[in-house]
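Student: First the structure, then my questions, so here it is.
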Amino acid sequence: MCHPHGPGEPLPRPGVLRQDVSFTLGDGERLSARVCLPKCSPWGAVVIATDIYGSNRFYKGIAERLAEAGCAAILPDLFRREGPLSEVTREAAFDRRAKLDDARAVAEIGTALDWLETESGASGATLGFCLGGNLALHGTTQHEVGATVCYYAFPGGLPAPRALPPPLKVVDALRGPILAFWGEDDVKVGMENVEAFRVAVEARGLDYEQRVYPGVEHGFLAGLDEDVEHQDHAPALDSWNLTLAFLRQHLEMR
């Protein structure tokens with residue numbers, strides 16, 4: 001499921017300043033995070049909410065890509081209480097996910113975004129993947145964000161002992177603008193849930209856009225790093241370009 005890329009560092013990108021930071025939360029605990037900054041003044045500030053595999057090499061690479069495009073990015077370690085994975089497997093990741101308090105994770109995403117907005121002087125947005133997509137959607141009900149982008153979120157929910165309600169159950173509380181992406185062959189998410197979510201959101205008149213790419217499955221953004229002939233490369237590149245344009249449009253307006 002999603003991006004089990006394991007630990008390590010992505011290749012550095014020109015003009016990107018990376019640093020590991022930590023700051024104090026309201027309960028006195030400290031939240032650690034990777035921050036990537038452009039050398040120029042950023043046009044936006046984005047917090048990345050990961051899938052069940054956490055802050056691995058893939059997501060550090062996404063932070064680098066955002067900074068390369070001129071946007072400040074922060075990748076908080078939402079699983080620090082649950083500890084590192086015993087092994088990079090689906091089973092281990094789901095075992096750890098079962099211990100996560102989703103409501104607390106949403107609050108920490110908001111705190112990380114507030115911190116980055118203050119540090120960078122730029123307006124903020126959230127970029128979430130899989131589980132993180134659900135957390136990002138819930139964040140719109142609690143925090144003021146300039147934009148929200150979700151890759152392969154689970155409108156029908158991703159069950160766990162301390163999971164928040166499925167996005168389909170909280171449509172009336174969501175706030176846009178929201179941009180969402182899925183692969184048409186994503187049987188994990190279920191296209192019937194995606195369609196039900198679209199209908200419900202559009203019935204509300206929410207500022208919402210979505211793209212469903214044919215012939216690809218869950219986790220297709222990994223195709224950014226694949227050869228141009230790979231089936232995931234074209235949808236990955238298209239969605240990434242749309243993401244940057246969407247973020248820039250809405251954050252520069254604020």
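Every chain in the structure tokens takes a letter, A first, then B, and so on in the order presented; its residues are numbered from 1, and the ligands are numbered from 1 following the presented order.
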Return as JSON lines the residues of range 95-214 of chain A lying at most 9 Å from range 56-77 of chain A, together with the closest atom-to-atom pair for each and the distance in Å to one decimal, counting only C-alpha atoms, with rows in chain order and ascending residue number.
Tutor:
{"residue": "A:Glu108", "atom": "CA", "partner": "A:Pro76", "partner_atom": "CA", "distance": 8.1}
{"residue": "A:Ile109", "atom": "CA", "partner": "A:Pro76", "partner_atom": "CA", "distance": 7.2}
{"residue": "A:Ala112", "atom": "CA", "partner": "A:Pro76", "partner_atom": "CA", "distance": 6.8}
{"residue": "A:Leu113", "atom": "CA", "partner": "A:Ile74", "partner_atom": "CA", "distance": 7.6}
{"residue": "A:Leu116", "atom": "CA", "partner": "A:Ile74", "partner_atom": "CA", "distance": 7.0}
{"residue": "A:Glu117", "atom": "CA", "partner": "A:Ala72", "partner_atom": "CA", "distance": 8.8}
{"residue": "A:Ser120", "atom": "CA", "partner": "A:Ala72", "partner_atom": "CA", "distance": 7.0}
{"residue": "A:Ala122", "atom": "CA", "partner": "A:Ala72", "partner_atom": "CA", "distance": 8.1}
Student: Give me the range 111-139 of chain A side of the contact with range 161-181 of chain A, cut-off 12 Å, one line per residue showing its nearest atom pair and distance in Å at one decimal, counting only C-alpha atoms, sorted by chain and residue number, as JSON lines.
Tutor:
{"residue": "A:Ala125", "atom": "CA", "partner": "A:Pro177", "partner_atom": "CA", "distance": 9.9}
{"residue": "A:Thr126", "atom": "CA", "partner": "A:Ile178", "partner_atom": "CA", "distance": 9.6}
{"residue": "A:Leu127", "atom": "CA", "partner": "A:Leu179", "partner_atom": "CA", "distance": 9.5}
{"residue": "A:Gly128", "atom": "CA", "partner": "A:Ala180", "partner_atom": "CA", "distance": 9.5}
{"residue": "A:Phe129", "atom": "CA", "partner": "A:Phe181", "partner_atom": "CA", "distance": 9.6}
{"residue": "A:Cys130", "atom": "CA", "partner": "A:Phe181", "partner_atom": "CA", "distance": 10.4}
{"residue": "A:Leu131", "atom": "CA", "partner": "A:Ala163", "partner_atom": "CA", "distance": 9.8}
{"residue": "A:Gly132", "atom": "CA", "partner": "A:Ala163", "partner_atom": "CA", "distance": 11.8}
{"residue": "A:Gly133", "atom": "CA", "partner": "A:Ala180", "partner_atom": "CA", "distance": 8.7}
{"residue": "A:Asn134", "atom": "CA", "partner": "A:Pro167", "partner_atom": "CA", "distance": 6.6}
{"residue": "A:Leu135", "atom": "CA", "partner": "A:Leu164", "partner_atom": "CA", "distance": 8.3}
{"residue": "A:Ala136", "atom": "CA", "partner": "A:Ile178", "partner_atom": "CA", "distance": 9.8}
{"residue": "A:Leu137", "atom": "CA", "partner": "A:Leu174", "partner_atom": "CA", "distance": 6.9}
{"residue": "A:His138", "atom": "CA", "partner": "A:Leu174", "partner_atom": "CA", "distance": 7.2}
{"residue": "A:Gly139", "atom": "CA", "partner": "A:Leu174", "partner_atom": "CA", "distance": 8.5}
Student: Would you save the residues from that selection as a compact mmCIF listing (two decimals), in the first residue's frame, using N, CA and C atoms?
Tutor:
# COMPACT_ATOMS: atom_id res chain seq x y z
N ALA A 125 -0.76 25.50 3.30
CA ALA A 125 -1.64 24.49 2.71
C ALA A 125 -1.23 23.13 3.24
N THR A 126 -2.06 22.13 2.98
CA THR A 126 -1.77 20.76 3.40
C THR A 126 -1.78 19.84 2.18
N LEU A 127 -0.81 18.93 2.17
CA LEU A 127 -0.68 17.92 1.11
C LEU A 127 -0.66 16.56 1.78
N GLY A 128 -1.72 15.75 1.58
CA GLY A 128 -1.83 14.48 2.28
C GLY A 128 -1.91 13.30 1.34
N PHE A 129 -1.43 12.15 1.81
CA PHE A 129 -1.37 10.92 1.02
C PHE A 129 -2.01 9.78 1.80
N CYS A 130 -2.98 9.09 1.15
CA CYS A 130 -3.58 7.89 1.75
C CYS A 130 -4.15 8.25 3.13
N LEU A 131 -3.68 7.65 4.20
CA LEU A 131 -4.09 8.04 5.55
C LEU A 131 -3.94 9.54 5.73
N GLY A 132 -2.81 10.09 5.27
CA GLY A 132 -2.57 11.53 5.40
C GLY A 132 -3.57 12.35 4.62
N GLY A 133 -4.12 11.80 3.53
CA GLY A 133 -5.16 12.49 2.80
C GLY A 133 -6.41 12.64 3.65
N ASN A 134 -6.77 11.58 4.38
CA ASN A 134 -7.91 11.67 5.30
C ASN A 134 -7.65 12.69 6.40
N LEU A 135 -6.43 12.67 6.95
CA LEU A 135 -6.09 13.61 8.01
C LEU A 135 -6.13 15.05 7.49
N ALA A 136 -5.67 15.25 6.24
CA ALA A 136 -5.70 16.58 5.64
C ALA A 136 -7.14 17.07 5.47
N LEU A 137 -8.03 16.18 5.02
CA LEU A 137 -9.43 16.56 4.87
C LEU A 137 -10.03 16.94 6.22
N HIS A 138 -9.76 16.16 7.24
CA HIS A 138 -10.26 16.50 8.57
C HIS A 138 -9.66 17.82 9.06
N GLY A 139 -8.43 18.10 8.65
CA GLY A 139 -7.81 19.36 9.05
C GLY A 139 -8.55 20.57 8.56
Student: Which residue gives the smallest distance to Gly146 in chain A among A:Asp101, A:Asp225, A:Glu252, A:Glu87, with only C-alpha atoms counted?
Tutor: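 Of the candidates, the smallest distance to Gly146 in chain A is held by A:Glu252.
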Student: If you run DSSP on this backbone, which residues of range 15-115 of chain A come out as strand (DSSP E), and could you give them as number ranges by chain?
Tutor: A: 16-24, 30-38, 45-49, 72-76
Student: Just list as a PyMOL selection string whatever in range 14-186 of chain A DSSP marks as helix (DSSP H, G or I).
Tutor: chain A and resi 57-68+90-97+102-120+131-139+167-169+171-173
Student: Would you export the selected residues with C-alpha atoms as a CSV table (one decimal), in the first residue's frame, please?
Tutor:
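Just written: out-v8.csv:
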chain,number,residue,atom,x,y,z
A,57,ARG,CA,12.7,8.7,1.8
A,58,PHE,CA,9.7,9.2,-0.6
A,59,TYR,CA,8.2,12.0,1.5
A,60,LYS,CA,11.5,13.7,2.2
A,61,GLY,CA,11.8,13.7,-1.6
A,62,ILE,CA,8.3,15.3,-1.9
A,63,ALA,CA,9.5,18.1,0.5
A,64,GLU,CA,12.5,18.6,-1.6
A,65,ARG,CA,10.4,18.9,-4.8
A,66,LEU,CA,8.2,21.5,-3.2
A,67,ALA,CA,11.2,23.5,-2.1
A,68,GLU,CA,12.8,23.2,-5.6
A,90,ARG,CA,2.5,-3.7,5.1
A,91,GLU,CA,1.7,-5.7,8.3
A,92,ALA,CA,4.2,-3.7,10.5
A,93,ALA,CA,2.9,-0.4,9.1
A,94,PHE,CA,-0.8,-1.3,9.8
A,95,ASP,CA,0.1,-2.6,13.3
A,96,ARG,CA,1.7,0.8,14.0
A,97,ARG,CA,-1.2,2.7,12.4
A,102,ASP,CA,-6.0,10.5,14.4
A,103,ALA,CA,-7.4,13.5,16.2
A,104,ARG,CA,-4.0,14.2,17.8
A,105,ALA,CA,-2.3,13.8,14.4
A,106,VAL,CA,-4.7,16.3,12.8
A,107,ALA,CA,-3.9,18.8,15.6
A,108,GLU,CA,-0.1,18.3,15.1
A,109,ILE,CA,-0.5,18.9,11.4
A,110,GLY,CA,-2.1,22.2,12.2
A,111,THR,CA,0.7,23.1,14.7
A,112,ALA,CA,3.4,22.2,12.1
A,113,LEU,CA,1.7,24.4,9.5
A,114,ASP,CA,1.3,27.3,11.9
A,115,TRP,CA,5.0,27.0,12.8
A,116,LEU,CA,6.1,26.9,9.1
A,117,GLU,CA,3.9,29.9,8.2
A,118,THR,CA,5.5,31.9,11.0
A,119,GLU,CA,9.0,30.9,10.0
A,120,SER,CA,8.6,31.4,6.3
A,131,LEU,CA,-4.1,8.0,5.5
A,132,GLY,CA,-2.6,11.5,5.4
A,133,GLY,CA,-5.2,12.5,2.8
A,134,ASN,CA,-7.9,11.7,5.3
A,135,LEU,CA,-6.1,13.6,8.0
A,136,ALA,CA,-5.7,16.6,5.6
A,137,LEU,CA,-9.4,16.6,4.9
A,138,HIS,CA,-10.3,16.5,8.6
A,139,GLY,CA,-7.8,19.4,9.1
A,167,PRO,CA,-14.6,11.8,5.0
A,168,LEU,CA,-17.9,10.8,3.6
A,169,LYS,CA,-19.4,11.2,7.1
A,171,VAL,CA,-18.7,16.3,4.1
A,172,ASP,CA,-20.8,19.1,5.6
A,173,ALA,CA,-17.9,20.3,7.7
Student: Which residue is closest to Ser123 in chain A? Choose from A:Gln249, A:Ser32, A:Ser86, A:Thr24 and count only C-alpha atoms.
Tutor: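 Looking only at the distances to Ser123 in chain A, the closest residue turns out to be A:Gln249.
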Student: When distances are computed from only C-alpha atoms, which of A:Trp43, A:Phe246, A:Tyr208, A:Phe197 shows the smallest separation from Gly121 in chain A?
Tutor: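 Closest to Gly121 in chain A, using only C-alpha atoms: A:Trp43.
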Student: How many Å lie between CA of Gly26 in chain A and CA of Ile48 in chain A, rounded to one decimal?
Tutor: 20.2 Å
Student: Name the residues in contact with range 186-191 of chain A at a cut-off of 10 Å, using only C-alpha atoms, excluding same-chain residues fewer than 5 positions from it; report them as a list in words.
Tutor: Met1, Cys130, Tyr152, Ala153, Phe154, Pro155, Gly156, Gly157, Leu158, Ala196, Phe197, Val212, Tyr213, Pro214, Gly215, Val216, Glu217, His218, Gly219 and Phe220 of chain A
Student: Using only C-alpha atoms, which protein or nucleic acid residues come within 9 Å of Leu247 in chain A? Drop anything in the same chain fewer than 6 positions from it, and give the result as a list in words.
Tutor: Gly44, Val46, Ala125, Gly146, Ala147, Thr148 and Val149 of chain A
Student: What is the CA of Val201 in chain A to CA of Asp185 in chain A distance in Å?
Tutor: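 It comes out at 21.8 Å.
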Student: For a test of reading the model, state the distance in Å between CA of Thr50 in chain A and CA of Asn241 in chain A, rounded to one decimal.
Tutor: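 Answer for the CA of Thr50 in chain A to CA of Asn241 in chain A separation: 19.5 Å.
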Student: Which one is closest to Pro14 in chain A: A:Lys39, A:Arg80, A:Arg204, A:Arg254? Count only C-alpha atoms.
Tutor: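 With only C-alpha atoms as the atom set, the closest residue is A:Lys39.
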Student: I'd like the neighbourhood of Trp240 in chain A as an MDAnalysis selection string, where a residue qualifies if any of its atoms comes within 8 Å (using only C-alpha atoms), though same-chain residues fewer than 4 positions away should be ignored.
Tutor: chainID A and resid 221 236 244
